[in-house]
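Have a look at the structure below, then the notes.
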Amino acid sequence: MNLFHTPPVLFLRTLLFYTGYILLTGWFSTTGVLLFWFTPLAIRGRYLITWNRWVLIWLRLTCGVKFRIIGNIPEGHYVVMAKHQSQWETFYLQYAFFPIGIVLKKELLKLPFFGWGLKLVDPIAIDRSNPKAALRHIMEEGTQRLKDGRRVLIFPEGTRTPIGKKGTYARSGANMAIAAGVPVVPVSHNAGVCWPAKKFLKYPGTVTVVIGEPIASDNTNSRALTAQVESWIESELDTMLDKQSLAPELA
């Protein structure tokens with residue numbers, strides 16, 4: 001086994017990553033609040049989203065987690081529906097698809113520093129303890145953002161799912177796209193191999209992100225559109241996992 005892949009070294013590398021992660025979060029959140037809170041979203045959002053990019057750079061330097069992208073980011077506004085396996089994709093997708101409003105649980109906004117920065121990029125925060133109210137809020141806020149020419153990022157499974165598992169795909173993203181008359185861009189990836197859900201250790205490797213072609217939302221319904229997105233995402237993920245060896249803990 002490669003020395004850099006042994007558990008003690010992986011632990012030290014991950015610890016170093018989180019040390020830098022905390023410092024980056026503190027810096028960008030504090031300076032964002034102090035210097036950019038009064039600026040338009042296009043300015044403050046671009047500054048705050050730079051934090052995401054630096055987190056990914058620091059992750060590569062400390063833990064050896066690289067990434068490659070297959071496909072292109074379309075022009076225009078649309079709903080991005082993505083697989084949810086870890087925190088990694090939240091960093092990448094917000095940066096790559098900016099300007100974009102991410103659907104997230106409102107508890108995250110209460111976290112010191114981290115929540116301050118999140119609030120400045122104008123997310124769609126929902127109360128998951130009240131599903132009906134959360135769905136209404138997603139529809140209202142998301143549809144308005146799309147009509148204003150922005151993009152919306154939603155993880156239809158709702159929560160992070162480990163590699164090899166699949167959550168239930170909610171139809172809120174498809175409903176939003178249909179209501180606003182915009183397409184859906186599906187995104188599949190295998191970030192859970194390098195950054196397992198709810199695990200501390202990070203594993204060296206290359207995250208593959210596949211960006212699909214926009215799927216039209218006209219002449220369909222939310223059930224059919226969600227099923228089409230789900231089929232594409234899971235099929236692409238199966239292909240990735242067939243070609244790539246899993247991290248030691250997951251094998």
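We label chains A, B, ... in the order they appear in the structure tokens, count residues from 1 in each chain, and number ligands from 1 in the order shown.
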Problem set entry | Test item: residues at most 8 Å from A:Gly149, only C-alpha atoms, excluding those fewer than 2 positions along its chain, as a PyMOL selection string | chain A and resi 76-77+145-147+151
Distance table requested - stretch 155-189 of chain A against stretch 206-227 of chain A, cut-off 8 Å, only C-alpha atoms: one row per qualifying residue with the closest atom pair and its distance in Å to one decimal, ordered by chain and rising residue number, as JSON lines.
{"residue": "A:Tyr169", "atom": "CA", "partner": "A:Thr226", "partner_atom": "CA", "distance": 7.1}
{"residue": "A:Ala170", "atom": "CA", "partner": "A:Thr226", "partner_atom": "CA", "distance": 7.5}
{"residue": "A:Arg171", "atom": "CA", "partner": "A:Thr226", "partner_atom": "CA", "distance": 5.9}
{"residue": "A:Ser172", "atom": "CA", "partner": "A:Ser222", "partner_atom": "CA", "distance": 8.0}
{"residue": "A:Gly173", "atom": "CA", "partner": "A:Thr226", "partner_atom": "CA", "distance": 7.9}
{"residue": "A:Ala174", "atom": "CA", "partner": "A:Ser222", "partner_atom": "CA", "distance": 5.0}
{"residue": "A:Asn175", "atom": "CA", "partner": "A:Ser222", "partner_atom": "CA", "distance": 5.4}
{"residue": "A:Ala177", "atom": "CA", "partner": "A:Ser217", "partner_atom": "CA", "distance": 6.3}
{"residue": "A:Ile178", "atom": "CA", "partner": "A:Ser217", "partner_atom": "CA", "distance": 5.2}
{"residue": "A:Gly181", "atom": "CA", "partner": "A:Ser217", "partner_atom": "CA", "distance": 6.6}
{"residue": "A:Val182", "atom": "CA", "partner": "A:Ser217", "partner_atom": "CA", "distance": 6.3}
{"residue": "A:Pro183", "atom": "CA", "partner": "A:Ala216", "partner_atom": "CA", "distance": 4.5}
{"residue": "A:Val184", "atom": "CA", "partner": "A:Ile215", "partner_atom": "CA", "distance": 5.1}
{"residue": "A:Val185", "atom": "CA", "partner": "A:Pro214", "partner_atom": "CA", "distance": 4.6}
{"residue": "A:Pro186", "atom": "CA", "partner": "A:Gly212", "partner_atom": "CA", "distance": 5.3}
{"residue": "A:Val187", "atom": "CA", "partner": "A:Ile211", "partner_atom": "CA", "distance": 4.8}
{"residue": "A:Ser188", "atom": "CA", "partner": "A:Val210", "partner_atom": "CA", "distance": 5.2}
{"residue": "A:His189", "atom": "CA", "partner": "A:Val209", "partner_atom": "CA", "distance": 4.4}
Problem set entry | A:Lys83 environment, 9 Å, only C-alpha atoms, sequence neighbours closer than 6 positions dropped, as number ranges by chain | A: 89, 155-157, 160-161, 186-190, 230, 233-234, 237
For this session: Find the residues around A:Tyr95 up to 9 Å (only C-alpha atoms counted), leave out those fewer than 2 positions away in its own chain, and share them as JSON, numbers by chain.
Result: {"A": [46, 49, 50, 51, 52, 53, 90, 91, 92, 93, 97, 98, 99, 100]}
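Between A:Leu61 and the candidates A:Gly101, A:Pro40, A:Pro74, A:Pro204, the tightest atom-to-atom separation, counting only C-alpha atoms, involves A:Pro204.
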Exercise. For A:Asp242, which residue among A:Leu34, A:Leu10, A:Gly164, A:Lys199 is the nearest when counting only C-alpha atoms?
Worked result: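 Closest to A:Asp242 of all the choices is A:Gly164.
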Exercise. Atom CA of A:Gly26 and atom CA of A:Cys63, how far apart in Å?
Worked result: 20.6 Å
Exercise. Could you pull out all residues of stretch 85-216 of chain A with a DSSP call of alpha helix (DSSP H) and give them as a PyMOL selection string?
Worked result: chain A and resi 88-96+114-120+131-147+172-180
I need the residues in stretch 15-78 of chain A that are strand (DSSP E) according to DSSP; give them as a PDB file with C-alpha atoms, in the first residue's frame.
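The file below, selection-v4.pdb, is the result:
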ATOM      1  CA  VAL A  65      -8.524  14.979  -4.482  1.00  0.00           C
ATOM      2  CA  LYS A  66      -8.596  16.143  -8.097  1.00  0.00           C
ATOM      3  CA  PHE A  67     -11.525  16.378 -10.490  1.00  0.00           C
ATOM      4  CA  ARG A  68     -12.336  16.187 -14.173  1.00  0.00           C
ATOM      5  CA  ILE A  69     -15.371  17.501 -15.967  1.00  0.00           C
ATOM      6  CA  ILE A  70     -17.216  15.800 -18.822  1.00  0.00           C
TER       7      ILE A  70
END
With a cut-off of 9 Å, could you pull out the residues of stretch 5-31 of chain A touching stretch 110-128 of chain A and give me the nearest pair of atoms for each, distance in Å to one decimal, using only C-alpha atoms, ordered by chain and ascending number, as JSON lines?
{"residue": "A:Ile22", "atom": "CA", "partner": "A:Phe114", "partner_atom": "CA", "distance": 8.9}
{"residue": "A:Thr25", "atom": "CA", "partner": "A:Phe114", "partner_atom": "CA", "distance": 6.1}
{"residue": "A:Gly26", "atom": "CA", "partner": "A:Phe113", "partner_atom": "CA", "distance": 5.6}
{"residue": "A:Trp27", "atom": "CA", "partner": "A:Phe113", "partner_atom": "CA", "distance": 8.6}
{"residue": "A:Phe28", "atom": "CA", "partner": "A:Gly117", "partner_atom": "CA", "distance": 7.2}
{"residue": "A:Ser29", "atom": "CA", "partner": "A:Gly117", "partner_atom": "CA", "distance": 4.6}
{"residue": "A:Thr30", "atom": "CA", "partner": "A:Phe113", "partner_atom": "CA", "distance": 6.8}
Problem set entry | Computed interatomic separation between atom CA of A:Ile138 and atom CA of A:Met81 (Å) |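 Calculated distance between atom CA of A:Ile138 and atom CA of A:Met81 is 13.6 Å.
What separates atom CA of A:Leu241 from atom CA of A:Gly71 is a distance of 18.0 Å.
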Problem set entry | Residue with smallest distance to A:Lys166 - pool A:His84, A:Thr143, A:Thr14, A:Leu35, counting only C-alpha atoms |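 Distance minimum relative to A:Lys166 lands on A:His84.
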Show me, as a PDB file with N, CA, C and O atoms, in the first residue's frame, the residues that have an atom within 7 Å of A:Gly192 when counting only C-alpha atoms, minus same-chain residues fewer than 3 positions from it.
ATOM      1  N   GLN A  85     -23.836  13.224  -2.754  1.00  0.00           N
ATOM      2  CA  GLN A  85     -23.076  12.192  -2.056  1.00  0.00           C
ATOM      3  C   GLN A  85     -22.213  12.750  -0.932  1.00  0.00           C
ATOM      4  O   GLN A  85     -21.817  12.014  -0.043  1.00  0.00           O
ATOM      5  N   SER A  86     -21.863  14.029  -1.012  1.00  0.00           N
ATOM      6  CA  SER A  86     -20.926  14.595  -0.050  1.00  0.00           C
ATOM      7  C   SER A  86     -21.058  16.106  -0.041  1.00  0.00           C
ATOM      8  O   SER A  86     -21.973  16.676  -0.636  1.00  0.00           O
ATOM      9  N   PRO A 162     -24.750   7.519   0.493  1.00  0.00           N
ATOM     10  CA  PRO A 162     -23.459   6.864   0.302  1.00  0.00           C
ATOM     11  C   PRO A 162     -23.359   6.232  -1.094  1.00  0.00           C
ATOM     12  O   PRO A 162     -24.367   5.952  -1.745  1.00  0.00           O
ATOM     13  N   ILE A 163     -22.123   6.018  -1.523  1.00  0.00           N
ATOM     14  CA  ILE A 163     -21.879   5.330  -2.788  1.00  0.00           C
ATOM     15  C   ILE A 163     -22.601   3.989  -2.782  1.00  0.00           C
ATOM     16  O   ILE A 163     -22.559   3.242  -1.808  1.00  0.00           O
ATOM     17  N   TRP A 195     -14.789  11.686  -0.937  1.00  0.00           N
ATOM     18  CA  TRP A 195     -15.320  12.387   0.237  1.00  0.00           C
ATOM     19  C   TRP A 195     -16.590  11.654   0.656  1.00  0.00           C
ATOM     20  O   TRP A 195     -17.708  12.099   0.377  1.00  0.00           O
ATOM     21  N   PRO A 196     -16.470  10.533   1.359  1.00  0.00           N
ATOM     22  CA  PRO A 196     -17.651   9.742   1.743  1.00  0.00           C
ATOM     23  C   PRO A 196     -18.601  10.537   2.627  1.00  0.00           C
ATOM     24  O   PRO A 196     -18.173  11.354   3.449  1.00  0.00           O
ATOM     25  N   ALA A 197     -19.875  10.302   2.449  1.00  0.00           N
ATOM     26  CA  ALA A 197     -20.891  11.011   3.223  1.00  0.00           C
ATOM     27  C   ALA A 197     -20.734  10.736   4.712  1.00  0.00           C
ATOM     28  O   ALA A 197     -20.613   9.579   5.136  1.00  0.00           O
TER      29      ALA A 197
END
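Restricting the calculation to only C-alpha atoms, the smallest distance between A:Val229 and any of A:Gly167, A:Val80, A:Arg60, A:Ala134 is found for A:Val80.
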